[in-house]
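One file, structure_31.cif, is given below (mmCIF, C-alpha atoms).
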```
data_entry
#
loop_
_atom_site.group_PDB
_atom_site.id
_atom_site.type_symbol
_atom_site.label_atom_id
_atom_site.label_comp_id
_atom_site.auth_asym_id
_atom_site.auth_seq_id
_atom_site.Cartn_x
_atom_site.Cartn_y
_atom_site.Cartn_z
ATOM 1 C CA MET I 1 107.816 84.431 -110.078
ATOM 2 C CA PHE I 2 107.887 86.980 -112.895
ATOM 3 C CA GLU I 3 107.821 90.736 -112.726
ATOM 4 C CA ASP I 4 104.576 91.477 -114.563
ATOM 5 C CA LYS I 5 105.743 94.612 -116.351
ATOM 6 C CA PHE I 6 108.760 92.894 -117.867
ATOM 7 C CA PHE I 7 107.207 89.582 -118.884
ATOM 8 C CA VAL I 8 103.633 90.505 -119.891
ATOM 9 C CA GLY I 9 103.270 89.524 -123.532
ATOM 10 C CA GLN I 10 106.704 87.822 -123.580
ATOM 11 C CA PHE I 11 106.993 84.579 -125.544
ATOM 12 C CA MET I 12 108.905 81.838 -123.724
ATOM 13 C CA SER I 13 109.430 78.108 -123.487
ATOM 14 C CA VAL I 14 108.019 76.891 -120.179
ATOM 15 C CA TYR I 15 109.208 73.675 -118.570
ATOM 16 C CA ASP I 16 107.024 72.508 -115.716
ATOM 17 C CA ASP I 17 106.674 69.454 -113.543
ATOM 18 C CA THR I 18 103.177 68.723 -114.853
ATOM 19 C CA GLU I 19 104.712 67.495 -118.140
ATOM 20 C CA ALA I 20 106.883 64.477 -118.990
ATOM 21 C CA ASP I 21 110.635 64.968 -118.694
ATOM 22 C CA GLY I 22 112.044 67.255 -121.345
ATOM 23 C CA GLN I 23 108.673 68.449 -122.620
ATOM 24 C CA PHE I 24 107.731 72.093 -122.604
ATOM 25 C CA HIS I 25 105.240 74.575 -124.004
ATOM 26 C CA VAL I 26 105.982 77.654 -126.043
ATOM 27 C CA CYS I 27 103.770 80.239 -124.422
ATOM 28 C CA ARG I 28 103.020 83.912 -124.174
ATOM 29 C CA TYR I 29 102.982 85.067 -120.557
ATOM 30 C CA LEU I 30 99.668 86.719 -119.613
ATOM 31 C CA CYS I 31 99.642 87.149 -115.824
ATOM 32 C CA GLU I 32 99.982 85.513 -112.427
ATOM 33 C CA ASP I 33 99.051 85.731 -108.782
ATOM 34 C CA ASP I 34 100.634 84.083 -105.740
ATOM 35 C CA ASP I 35 99.352 80.633 -106.726
ATOM 36 C CA PHE I 36 98.951 80.353 -110.520
ATOM 37 C CA ILE I 37 100.447 81.575 -113.808
ATOM 38 C CA LEU I 38 98.360 81.994 -116.972
ATOM 39 C CA PHE I 39 99.839 81.598 -120.459
ATOM 40 C CA GLN I 40 98.604 81.654 -124.038
ATOM 41 C CA THR I 41 99.983 78.448 -125.533
ATOM 42 C CA ILE I 42 101.418 78.359 -129.052
ATOM 43 C CA SER I 43 101.573 75.094 -131.024
ATOM 44 C CA THR I 44 104.741 73.826 -132.695
ATOM 45 C CA ARG I 45 103.357 75.159 -135.982
ATOM 46 C CA GLY I 46 102.798 78.651 -134.584
ATOM 47 C CA TYR I 47 99.041 78.476 -134.027
ATOM 48 C CA ASP I 48 97.174 79.779 -130.998
ATOM 49 C CA ASP I 49 96.591 76.726 -128.814
ATOM 50 C CA GLY I 50 94.446 78.121 -126.027
ATOM 51 C CA PHE I 51 95.129 78.942 -122.402
ATOM 52 C CA TYR I 52 97.414 77.127 -119.955
ATOM 53 C CA LEU I 53 97.030 77.742 -116.219
ATOM 54 C CA ILE I 54 99.569 76.108 -113.902
ATOM 55 C CA PRO I 55 100.697 76.509 -110.296
ATOM 56 C CA VAL I 56 103.591 78.927 -109.862
ATOM 57 C CA GLU I 57 105.680 76.318 -108.025
ATOM 58 C CA SER I 58 105.421 73.830 -110.914
ATOM 59 C CA VAL I 59 107.576 75.976 -113.235
ATOM 60 C CA ASN I 60 111.085 74.510 -113.326
ATOM 61 C CA ARG I 61 112.654 76.527 -116.118
ATOM 62 C CA VAL I 62 111.829 79.272 -118.597
ATOM 63 C CA ASP I 63 113.777 79.968 -121.807
ATOM 64 C CA VAL I 64 113.432 83.383 -123.414
ATOM 65 C CA ASP I 65 114.871 84.544 -126.768
ATOM 66 C CA ASP I 66 116.256 81.114 -127.685
ATOM 67 C CA ALA I 67 116.277 79.982 -131.327
ATOM 68 C CA TYR I 68 113.362 77.533 -131.003
ATOM 69 C CA THR I 69 111.056 80.009 -129.276
ATOM 70 C CA LYS I 70 111.946 82.700 -131.823
ATOM 71 C CA ARG I 71 111.041 80.283 -134.654
ATOM 72 C CA ILE I 72 107.607 79.598 -133.151
ATOM 73 C CA VAL I 73 107.044 83.336 -132.608
ATOM 74 C CA ARG I 74 107.894 84.003 -136.276
ATOM 75 C CA LEU I 75 105.392 81.357 -137.387
ATOM 76 C CA PHE I 76 102.806 82.830 -135.017
ATOM 77 C CA ALA I 77 103.308 86.295 -136.530
ATOM 78 C CA LEU I 78 103.337 85.055 -140.137
ATOM 79 C CA GLN I 79 99.986 83.347 -139.613
ATOM 80 C CA GLN I 80 98.539 86.432 -137.943
ATOM 81 C CA GLN I 81 97.297 84.410 -134.989
ATOM 82 C CA PRO I 82 95.216 86.133 -132.306
ATOM 83 C CA VAL I 83 97.071 87.626 -129.374
ATOM 84 C CA ARG I 84 95.071 86.846 -126.246
ATOM 85 C CA ALA I 85 94.700 89.148 -123.297
ATOM 86 C CA PHE I 86 93.507 88.487 -119.782
ATOM 87 C CA ASP I 87 92.878 90.990 -116.999
ATOM 88 C CA CYS I 88 94.425 89.640 -113.805
ATOM 89 C CA SER I 89 92.910 91.912 -111.257
ATOM 90 C CA GLY I 90 90.660 91.332 -108.327
ATOM 91 C CA GLU I 91 89.810 87.817 -107.203
ATOM 92 C CA PRO I 92 92.266 84.885 -107.199
ATOM 93 C CA LEU I 93 93.456 83.961 -110.695
ATOM 94 C CA LEU I 94 92.119 80.385 -110.492
ATOM 95 C CA VAL I 95 88.576 81.588 -109.765
ATOM 96 C CA GLN I 96 88.806 84.431 -112.270
ATOM 97 C CA PHE I 97 90.040 82.076 -115.002
ATOM 98 C CA LEU I 98 87.424 79.412 -114.252
ATOM 99 C CA ASN I 99 84.705 82.081 -114.529
ATOM 100 C CA HIS I 100 86.181 83.211 -117.857
ATOM 101 C CA ALA I 101 86.334 79.633 -119.169
ATOM 102 C CA MET I 102 82.811 78.876 -117.944
ATOM 103 C CA GLN I 103 81.400 81.577 -120.181
ATOM 104 C CA LYS I 104 83.263 80.638 -123.351
ATOM 105 C CA TYR I 105 85.249 77.411 -123.611
ATOM 106 C CA ILE I 106 85.489 73.662 -123.366
ATOM 107 C CA THR I 107 88.021 73.103 -120.576
ATOM 108 C CA SER I 108 90.298 70.281 -119.447
ATOM 109 C CA VAL I 109 91.020 70.171 -115.723
ATOM 110 C CA PHE I 110 93.978 68.007 -114.684
ATOM 111 C CA LEU I 111 94.071 66.717 -111.124
ATOM 112 C CA GLU I 112 96.885 65.809 -108.745
ATOM 113 C CA ASP I 113 96.095 62.092 -109.046
ATOM 114 C CA GLY I 114 96.775 62.108 -112.810
ATOM 115 C CA GLU I 115 93.094 62.082 -113.771
ATOM 116 C CA ASN I 116 91.526 64.746 -115.944
ATOM 117 C CA VAL I 117 88.042 65.946 -116.775
ATOM 118 C CA THR I 118 87.117 67.644 -120.040
ATOM 119 C CA GLY I 119 83.855 69.468 -120.540
ATOM 120 C CA ARG I 120 81.923 72.623 -119.774
ATOM 121 C CA ILE I 121 82.157 74.320 -116.416
ATOM 122 C CA LEU I 122 78.623 74.595 -115.073
ATOM 123 C CA SER I 123 79.263 76.361 -111.756
ATOM 124 C CA ILE I 124 81.977 77.426 -109.353
ATOM 125 C CA HIS I 125 81.394 77.151 -105.619
ATOM 126 C CA GLU I 126 84.147 79.231 -104.027
ATOM 127 C CA ASP I 127 82.786 78.925 -100.500
ATOM 128 C CA ASP I 128 82.834 75.141 -100.710
ATOM 129 C CA ASP I 129 86.025 75.057 -102.850
ATOM 130 C CA PHE I 130 84.683 72.980 -105.747
ATOM 131 C CA LEU I 131 83.511 73.336 -109.309
ATOM 132 C CA CYS I 132 80.883 71.436 -111.232
ATOM 133 C CA MET I 133 81.522 70.326 -114.820
ATOM 134 C CA GLU I 134 79.438 68.673 -117.500
ATOM 135 C CA LYS I 135 81.802 65.977 -118.747
ATOM 136 C CA LEU I 136 82.133 65.435 -122.491
ATOM 137 C CA SER I 137 83.467 62.345 -124.252
ATOM 138 C CA GLU I 138 86.169 62.641 -126.909
ATOM 139 C CA ASP I 139 83.330 62.469 -129.461
ATOM 140 C CA GLY I 140 81.494 65.430 -127.944
ATOM 141 C CA HIS I 141 78.753 63.439 -126.217
ATOM 142 C CA PRO I 142 77.606 64.368 -122.693
ATOM 143 C CA ASP I 143 79.183 61.956 -120.223
ATOM 144 C CA GLY I 144 77.784 62.855 -116.812
ATOM 145 C CA THR I 145 78.713 65.467 -114.240
ATOM 146 C CA ALA I 146 81.917 65.873 -112.226
ATOM 147 C CA TYR I 147 82.354 67.735 -108.952
ATOM 148 C CA ILE I 148 86.004 68.724 -108.537
ATOM 149 C CA ARG I 149 87.764 70.054 -105.454
ATOM 150 C CA MET I 150 89.635 73.170 -106.557
ATOM 151 C CA ASP I 151 92.564 72.457 -104.244
ATOM 152 C CA CYS I 152 93.244 69.254 -106.252
ATOM 153 C CA ILE I 153 93.692 71.067 -109.576
ATOM 154 C CA GLU I 154 97.175 70.614 -111.025
ATOM 155 C CA LYS I 155 96.648 72.525 -114.267
ATOM 156 C CA ILE I 156 93.961 73.702 -116.646
ATOM 157 C CA ILE I 157 94.088 73.705 -120.426
ATOM 158 C CA CYS I 158 91.333 75.576 -122.150
ATOM 159 C CA ASP I 159 90.426 76.191 -125.806
ATOM 160 C CA SER I 160 93.386 74.199 -127.146
ATOM 161 C CA GLY I 161 93.137 72.100 -130.298
ATOM 162 C CA VAL I 162 91.864 69.140 -128.252
ATOM 163 C CA GLU I 163 89.028 71.111 -126.652
ATOM 164 C CA ARG I 164 88.161 72.799 -129.954
ATOM 165 C CA MET I 165 87.878 69.386 -131.643
ATOM 166 C CA ILE I 166 85.540 68.128 -128.887
ATOM 167 C CA GLU I 167 83.458 71.287 -129.255
ATOM 168 C CA MET I 168 83.143 70.774 -133.035
ATOM 169 C CA LEU I 169 82.012 67.182 -132.482
ATOM 170 C CA MET I 170 79.615 68.316 -129.754
ATOM 171 C CA ASP I 171 78.117 70.909 -132.108
ATOM 172 C CA GLU I 172 77.672 68.215 -134.757
ATOM 173 C CA VAL I 173 75.920 65.922 -132.237
ATOM 174 C CA SER I 174 73.637 68.811 -131.170
ATOM 175 C CA ALA I 175 72.745 69.632 -134.784
ATOM 176 C CA LYS I 176 71.403 66.135 -135.459
#
```

Could you rewrite the structure in this file as structure tokens?
Amino acid sequence: MFEDKFFVGQFMSVYDDTEADGQFHVCRYLCEDDDFILFQTISTRGYDDGFYLIPVESVNRVDVDDAYTKRIVRLFALQQQPVRAFDCSGEPLLVQFLNHAMQKYITSVFLEDGENVTGRILSIHEDDDFLCMEKLSEDGHPDGTAYIRMDCIEKIICDSGVERMIEMLMDEVSAK
């Protein structure tokens, strides 16, 4: 969809069909492969809001250099937020990103049927096309295990404010 050399690091507003009508994310483009695009998401207040991985075909529109995006980028710079990087080489981006998330982050996996699972990725079974996650409740409590077919994944949000909050609550539960 994008020419990597031109768009890498570019801030943009991304409209996709995984969101409600008219909603979009201000993001920094990181990389893509034939199936997925990976972004660093920026909140409306200019804070780093984690990673956003979506199918290439779900992107409906991208705005670059518009007034709103420029405002968010200014806030991002003023707050000296971390600029994320991701090496998109080698294996498929979905598998590479899941492996990255498994090592570091609470992750929310959104499925085609509208359901989602939030928790820690325990394992990825490429040969069988599924991943295993320890589910976490909104309060950070373990809530069972989910086995998810990778071909049913609509999008992945990782290390956003929601996942960070669950991780803080989980750490508090573990400390008791």

What lies within 8 Å of Val14 in chain I using only C-alpha atoms, ignoring chain neighbours under 5 positions off, as a short mmCIF file (atom, residue, chain, number, x, y, z; two decimals) with C-alpha atoms, in the frame of the given file?
```cif
data_model
loop_
_atom_site.label_atom_id
_atom_site.label_comp_id
_atom_site.auth_asym_id
_atom_site.auth_seq_id
_atom_site.Cartn_x
_atom_site.Cartn_y
_atom_site.Cartn_z
CA PHE I 24 107.73 72.09 -122.60
CA HIS I 25 105.24 74.58 -124.00
CA VAL I 26 105.98 77.65 -126.04
CA CYS I 27 103.77 80.24 -124.42
CA VAL I 59 107.58 75.98 -113.24
CA ASN I 60 111.08 74.51 -113.33
CA ARG I 61 112.65 76.53 -116.12
CA VAL I 62 111.83 79.27 -118.60
CA ASP I 63 113.78 79.97 -121.81
#
```

How far is it from CA of Asp151 in chain I to CA of Ile106 in chain I, in Å with one decimal? 20.4 Å

Report as JSON lines: every residue of range 71-122 of chain I with an atom at most 9 Å from range 133-136 of chain I, its closest pair of atoms, and their distance in Å to one decimal, counting only C-alpha atoms, with rows sorted by chain and ascending residue number.
```
{"residue": "I:Ile106", "atom": "CA", "partner": "I:Leu136", "partner_atom": "CA", "distance": 8.9}
{"residue": "I:Val117", "atom": "CA", "partner": "I:Lys135", "partner_atom": "CA", "distance": 6.5}
{"residue": "I:Thr118", "atom": "CA", "partner": "I:Lys135", "partner_atom": "CA", "distance": 5.7}
{"residue": "I:Gly119", "atom": "CA", "partner": "I:Lys135", "partner_atom": "CA", "distance": 4.4}
{"residue": "I:Arg120", "atom": "CA", "partner": "I:Glu134", "partner_atom": "CA", "distance": 5.2}
{"residue": "I:Ile121", "atom": "CA", "partner": "I:Met133", "partner_atom": "CA", "distance": 4.3}
{"residue": "I:Leu122", "atom": "CA", "partner": "I:Met133", "partner_atom": "CA", "distance": 5.2}
```

What is the CA of Ile157 in chain I to CA of Thr107 in chain I distance in Å?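 Atom-to-atom, CA of Ile157 in chain I to CA of Thr107 in chain I, that is 6.1 Å.
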
Just say which residues the PyMOL selection byres ((chain I and resi 12) around 12) picks in this file, as number ranges by chain. I: 7-11, 13-15, 24-30, 39-42, 61-73

Do you know which residues the PyMOL selection byres ((chain I and resi 97) around 12) returns on this file, as a count of residues only? 40

Could you work out an axis-aligned box for range 141-159 of chain I, taking every atom the file lists and adding 5 Å on each side, and report centre and edge lengths in Å to one decimal, as AutoDock Vina command-line options?
```
--center_x 87.4 --center_y 69.1 --center_z -115.2 --size_x 29.6 --size_y 24.2 --size_z 32.0
```

Across I:Val173, I:Val162, I:Val56, I:Ile153, the smallest distance to Leu111 in chain I, with all atoms listed in the file counted, is shown by I:Ile153

Excluding Asp129 in chain I and any residue of its chain fewer than 2 positions from it, enumerate the residues within 9 Å of it, using all atoms listed in the file, and give them as a list of chain:residue names.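 Near neighbours after the sequence-gap exclusion: I:Ile124, I:His125, I:Glu126, I:Asp127, I:Leu131, I:Ile148, I:Arg149, I:Met150, I:Asp151.
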
Just the number, please: distance in Å from CA of Gly161 in chain I to CA of Asp49 in chain I, one decimal.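 Atom-to-atom, CA of Gly161 in chain I to CA of Asp49 in chain I, that is 6.0 Å.
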